[in-house]
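Asker: I'd like to ask some things about the structure below.
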Amino acid sequence: MAHDPTCPFCQKLADPKGWPEGEIVWQFPNSVALLGPWQHYTGYCVLVAREHASELSQLGPKRTAFLDEMARLAEAIEACFRPHKLNYELLGNQVPHLHWHIFPRDTNDPERLRPVWFALAGADTSADEKQRLETGTVPRAEAVARLRAWLTTNGAPRA
C-alpha cells in the first residue's frame, strides 16, 4: 500500500499504537473507523483509508471496497444511534489523506440545516463550547462498544 512518511494519518496507520484503542471502532481491510471527537453528534465517526490517497479517484480497484466499508460503518451508526440523517464529508483540506467524516444529525439540532463545521468553529474560541461539542448522549466507551457489537453481529470484514 502507498504510504507517505510526512502524512500524519500514514504515521498513525504505520504505528500499532497510532490511535488509542478506545478510539478505534473497527479495523476494516481498507480503512480504519474511529470514533470522532465531536460526540455532540452522538456516533460521529471518521473513516480513514489505509492507503495514502488524497482523492477518492486515486484508490483505483480498492475504491469499491473502501466505499462498502463506509456504507457498513454508516449502517452501524444508523442502527446504534437512530439519527434523522447522516452527513458524509470528504474534505482533506487540513490532512490530505482520504478520510470521511460521518456526522449523525437529529431533528432537534437547532443547527440541523447548516453544515456541522459552522458549529465546530466555536470550539476554537470557547472551552465551554468545545466541551459541549465533545460530549455525547452516551459515554465514548459505550458508543464504541455499541458500534463494535453491531459490526461484529453483522459480519463486518476485518483487516
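So you can find residues: chains in the C-alpha cells are A, B, ... in the order shown, residues in each start at 1, and ligands are numbered from 1 in order.
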As a ChimeraX atom specification, please: every residue in chain A that a backbone DSSP assignment puts in strand (DSSP E or B).

Answerer: /A:24-27,31-35,45-49,85-90,99-105

Asker: If you measure from atom CA of A:Gly136 to atom CA of A:Leu151, what distance in Å do you get, rounded to one decimal?

Answerer: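 A separation of 20.5 Å between them.
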
Asker: For A:Leu113, which residue among A:Leu133, A:Ala71, A:Lys85, A:Asp4 is the nearest when counting only C-alpha atoms?

Answerer: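 Closest candidate: A:Lys85.
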
Asker: For a test of reading the model, state the distance in Å between atom CA of A:Asp109 and atom CA of A:Tyr41, rounded to one decimal.

Answerer: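 Taking atom CA of A:Asp109 and atom CA of A:Tyr41, their separation equals 9.2 Å.
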
Asker: List the neighbours of stretch 7-21 of chain A out to 12 Å using only C-alpha atoms; skip same-chain residues closer than 5 positions along the sequence, and give me the result as an MDAnalysis selection string.

Answerer: chainID A and resid 1:2 26:27 30:36 46:54 92 94:99 140:141 144:145

Asker: Next, dump the selected residues to file, keeping only N, CA, C and O atoms, as a compact mmCIF listing (two decimals), in the first residue's frame.

Answerer:
```
# COMPACT_ATOMS: atom_id res chain seq x y z
N MET A 1 0.83 -1.19 0.00
CA MET A 1 0.00 0.00 0.00
C MET A 1 0.87 1.24 0.00
O MET A 1 1.93 1.27 0.62
N ALA A 2 0.39 2.26 -0.65
CA ALA A 2 1.11 3.53 -0.69
C ALA A 2 1.15 4.13 0.71
O ALA A 2 0.20 4.01 1.48
N TRP A 26 -13.37 0.06 14.41
CA TRP A 26 -13.24 -1.16 13.61
C TRP A 26 -12.02 -1.06 12.71
O TRP A 26 -11.73 0.02 12.18
N GLN A 27 -11.35 -2.18 12.53
CA GLN A 27 -10.22 -2.29 11.61
C GLN A 27 -10.72 -3.03 10.37
O GLN A 27 -10.75 -4.26 10.34
N ASN A 30 -9.60 -2.13 4.27
CA ASN A 30 -9.13 -0.97 3.51
C ASN A 30 -9.20 0.34 4.27
O ASN A 30 -8.85 1.38 3.73
N SER A 31 -9.65 0.29 5.50
CA SER A 31 -9.82 1.52 6.28
C SER A 31 -9.86 1.21 7.77
O SER A 31 -9.99 0.07 8.18
N VAL A 32 -9.76 2.29 8.54
CA VAL A 32 -9.89 2.21 9.99
C VAL A 32 -10.99 3.18 10.39
O VAL A 32 -10.97 4.35 9.98
N ALA A 33 -11.95 2.69 11.16
CA ALA A 33 -13.05 3.53 11.65
C ALA A 33 -12.72 3.98 13.06
O ALA A 33 -12.38 3.18 13.92
N LEU A 34 -12.83 5.29 13.28
CA LEU A 34 -12.52 5.90 14.57
C LEU A 34 -13.73 6.65 15.09
O LEU A 34 -14.47 7.25 14.31
N LEU A 35 -13.91 6.64 16.39
CA LEU A 35 -14.93 7.50 16.99
C LEU A 35 -14.37 8.91 17.00
O LEU A 35 -13.29 9.15 17.56
N GLY A 36 -15.06 9.83 16.36
CA GLY A 36 -14.59 11.21 16.27
C GLY A 36 -14.74 11.96 17.58
O GLY A 36 -15.48 11.54 18.48
N VAL A 46 -14.99 8.85 12.00
CA VAL A 46 -14.09 9.20 10.89
C VAL A 46 -13.57 7.88 10.33
O VAL A 46 -13.13 7.01 11.09
N LEU A 47 -13.67 7.73 9.03
CA LEU A 47 -13.19 6.53 8.36
C LEU A 47 -11.95 6.92 7.55
O LEU A 47 -12.03 7.73 6.63
N VAL A 48 -10.81 6.34 7.91
CA VAL A 48 -9.51 6.69 7.32
C VAL A 48 -9.05 5.56 6.41
O VAL A 48 -8.98 4.40 6.84
N ALA A 49 -8.74 5.90 5.16
CA ALA A 49 -8.22 4.90 4.22
C ALA A 49 -6.86 4.40 4.68
O ALA A 49 -6.03 5.18 5.15
N ARG A 50 -6.63 3.12 4.54
CA ARG A 50 -5.32 2.55 4.89
C ARG A 50 -4.26 2.96 3.88
O ARG A 50 -3.09 3.07 4.22
N GLU A 51 -4.65 3.14 2.64
CA GLU A 51 -3.72 3.53 1.59
C GLU A 51 -3.70 5.05 1.48
O GLU A 51 -4.75 5.69 1.52
N HIS A 52 -2.52 5.61 1.32
CA HIS A 52 -2.44 7.06 1.18
C HIS A 52 -2.95 7.48 -0.20
O HIS A 52 -2.46 7.04 -1.23
N ALA A 53 -3.96 8.30 -0.18
CA ALA A 53 -4.52 8.91 -1.38
C ALA A 53 -5.18 10.20 -0.91
O ALA A 53 -5.72 10.26 0.20
N SER A 54 -5.12 11.21 -1.72
CA SER A 54 -5.78 12.46 -1.34
C SER A 54 -7.16 12.58 -1.96
O SER A 54 -7.96 13.40 -1.53
N GLY A 92 -10.33 16.88 3.49
CA GLY A 92 -8.89 16.73 3.29
C GLY A 92 -8.12 18.02 3.17
O GLY A 92 -6.96 18.01 2.77
N GLN A 94 -7.15 19.97 5.66
CA GLN A 94 -6.14 20.02 6.72
C GLN A 94 -5.20 18.83 6.63
O GLN A 94 -3.99 18.98 6.82
N VAL A 95 -5.74 17.65 6.39
CA VAL A 95 -4.93 16.44 6.24
C VAL A 95 -5.31 15.82 4.89
O VAL A 95 -6.36 15.20 4.78
N PRO A 96 -4.46 15.99 3.87
CA PRO A 96 -4.80 15.48 2.55
C PRO A 96 -4.58 13.97 2.42
O PRO A 96 -3.78 13.49 1.62
N HIS A 97 -5.27 13.24 3.27
CA HIS A 97 -5.28 11.78 3.26
C HIS A 97 -6.75 11.41 3.27
O HIS A 97 -7.51 11.92 4.09
N LEU A 98 -7.15 10.53 2.40
CA LEU A 98 -8.55 10.18 2.22
C LEU A 98 -9.20 9.74 3.54
O LEU A 98 -8.77 8.75 4.15
N HIS A 99 -10.18 10.52 4.00
CA HIS A 99 -10.93 10.17 5.20
C HIS A 99 -12.31 10.82 5.13
O HIS A 99 -12.45 11.95 4.69
N ARG A 140 -18.22 7.82 25.60
CA ARG A 140 -17.46 7.40 24.41
C ARG A 140 -17.26 5.89 24.36
O ARG A 140 -17.43 5.27 23.32
N ALA A 141 -16.88 5.29 25.49
CA ALA A 141 -16.63 3.85 25.51
C ALA A 141 -17.90 3.07 25.15
O ALA A 141 -17.82 2.05 24.46
N VAL A 144 -18.45 3.33 21.31
CA VAL A 144 -17.56 2.40 20.61
C VAL A 144 -18.05 0.97 20.77
O VAL A 144 -18.10 0.20 19.80
N ALA A 145 -18.43 0.60 21.98
CA ALA A 145 -18.90 -0.77 22.24
C ALA A 145 -20.15 -1.09 21.42
O ALA A 145 -20.27 -2.19 20.87
```

Asker: For A:Leu86, which residue among A:Glu142, A:Glu111, A:Asp128, A:Asp106 is the nearest when counting only C-alpha atoms?

Answerer: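 Answer, going by the shortest atom-to-atom distance: A:Asp106.
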
Asker: Just want the 10 Å neighbourhood of A:Glu78, counted on only C-alpha atoms, with same-chain residues fewer than 6 positions away dropped. Output as an MDAnalysis selection string.

Answerer: chainID A and resid 43 72 84:86 104 147

Asker: Ranking A:Ala76, A:Asn87, A:Thr135, A:Thr153 by minimum distance to A:Arg114 and counting only C-alpha atoms, which one comes first?

Answerer: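 For A:Arg114, the nearest of the given residues is A:Asn87.
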
Asker: Could you tell me how far atom CA of A:Cys80 lies from atom CA of A:Arg146, in Å and to one decimal?

Answerer: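 Interatomic distance here is 6.3 Å.
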
Asker: Which residues are near A:Gln131? Cut-off 12 Å, only C-alpha atoms, ignore same chain within fewer than 4 positions. Put them as a VMD selection string.

Answerer: chain A and resid 37 to 40 120 122 to 127 135 to 136

Asker: For the residues in the current selection, export N, CA, C and O atoms as a PDB file, in the first residue's frame.

Answerer:
```
ATOM      1  N   PRO A  37     -14.068  13.085  17.691  1.00  0.00           N
ATOM      2  CA  PRO A  37     -14.094  13.841  18.940  1.00  0.00           C
ATOM      3  C   PRO A  37     -15.413  14.551  19.210  1.00  0.00           C
ATOM      4  O   PRO A  37     -15.742  14.808  20.365  1.00  0.00           O
ATOM      5  N   TRP A  38     -16.186  14.870  18.194  1.00  0.00           N
ATOM      6  CA  TRP A  38     -17.361  15.734  18.361  1.00  0.00           C
ATOM      7  C   TRP A  38     -18.612  14.904  18.632  1.00  0.00           C
ATOM      8  O   TRP A  38     -19.487  14.771  17.788  1.00  0.00           O
ATOM      9  N   GLN A  39     -18.695  14.346  19.816  1.00  0.00           N
ATOM     10  CA  GLN A  39     -19.793  13.437  20.152  1.00  0.00           C
ATOM     11  C   GLN A  39     -21.093  14.143  20.519  1.00  0.00           C
ATOM     12  O   GLN A  39     -22.076  13.479  20.866  1.00  0.00           O
ATOM     13  N   HIS A  40     -21.140  15.469  20.428  1.00  0.00           N
ATOM     14  CA  HIS A  40     -22.444  16.143  20.464  1.00  0.00           C
ATOM     15  C   HIS A  40     -23.307  15.526  19.361  1.00  0.00           C
ATOM     16  O   HIS A  40     -24.510  15.401  19.497  1.00  0.00           O
ATOM     17  N   LEU A 120     -18.728  23.727  14.835  1.00  0.00           N
ATOM     18  CA  LEU A 120     -17.429  23.323  15.361  1.00  0.00           C
ATOM     19  C   LEU A 120     -16.440  24.478  15.429  1.00  0.00           C
ATOM     20  O   LEU A 120     -15.499  24.444  16.221  1.00  0.00           O
ATOM     21  N   GLY A 122     -16.884  27.197  16.804  1.00  0.00           N
ATOM     22  CA  GLY A 122     -16.974  27.745  18.156  1.00  0.00           C
ATOM     23  C   GLY A 122     -16.049  27.051  19.139  1.00  0.00           C
ATOM     24  O   GLY A 122     -15.667  27.637  20.160  1.00  0.00           O
ATOM     25  N   ALA A 123     -15.662  25.803  18.848  1.00  0.00           N
ATOM     26  CA  ALA A 123     -14.765  25.068  19.737  1.00  0.00           C
ATOM     27  C   ALA A 123     -13.360  25.672  19.746  1.00  0.00           C
ATOM     28  O   ALA A 123     -12.609  25.487  20.699  1.00  0.00           O
ATOM     29  N   ASP A 124     -13.022  26.414  18.699  1.00  0.00           N
ATOM     30  CA  ASP A 124     -11.702  27.041  18.630  1.00  0.00           C
ATOM     31  C   ASP A 124     -11.578  28.248  19.547  1.00  0.00           C
ATOM     32  O   ASP A 124     -10.475  28.636  19.921  1.00  0.00           O
ATOM     33  N   THR A 125     -12.703  28.848  19.903  1.00  0.00           N
ATOM     34  CA  THR A 125     -12.657  30.096  20.672  1.00  0.00           C
ATOM     35  C   THR A 125     -13.243  29.989  22.074  1.00  0.00           C
ATOM     36  O   THR A 125     -13.101  30.915  22.858  1.00  0.00           O
ATOM     37  N   SER A 126     -13.894  28.857  22.379  1.00  0.00           N
ATOM     38  CA  SER A 126     -14.546  28.730  23.682  1.00  0.00           C
ATOM     39  C   SER A 126     -14.344  27.329  24.253  1.00  0.00           C
ATOM     40  O   SER A 126     -14.776  26.343  23.647  1.00  0.00           O
ATOM     41  N   ALA A 127     -13.721  27.244  25.418  1.00  0.00           N
ATOM     42  CA  ALA A 127     -13.519  25.946  26.069  1.00  0.00           C
ATOM     43  C   ALA A 127     -14.850  25.301  26.433  1.00  0.00           C
ATOM     44  O   ALA A 127     -15.001  24.086  26.333  1.00  0.00           O
ATOM     45  N   THR A 135     -19.110  16.273  24.041  1.00  0.00           N
ATOM     46  CA  THR A 135     -19.916  15.444  24.934  1.00  0.00           C
ATOM     47  C   THR A 135     -21.149  14.918  24.210  1.00  0.00           C
ATOM     48  O   THR A 135     -21.928  15.681  23.651  1.00  0.00           O
ATOM     49  N   GLY A 136     -21.300  13.598  24.228  1.00  0.00           N
ATOM     50  CA  GLY A 136     -22.442  12.973  23.567  1.00  0.00           C
ATOM     51  C   GLY A 136     -23.509  12.551  24.551  1.00  0.00           C
ATOM     52  O   GLY A 136     -23.398  12.780  25.759  1.00  0.00           O
TER      53      GLY A 136
END
```

Asker: Have a look at A:Val138, A:Asp68, A:Cys45, A:Pro5 and name the one nearest to A:Ile24; count only C-alpha atoms.

Answerer: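 Under the stated criterion, the closest residue is A:Cys45.
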
Asker: Let me make sure I understand: among A:Thr152, A:Tyr88, A:Pro110, A:Pro29, which one has the smallest atom-to-atom distance to A:Arg63 if we use only C-alpha atoms?

Answerer: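 Smallest distance to A:Arg63 is found for A:Pro29.
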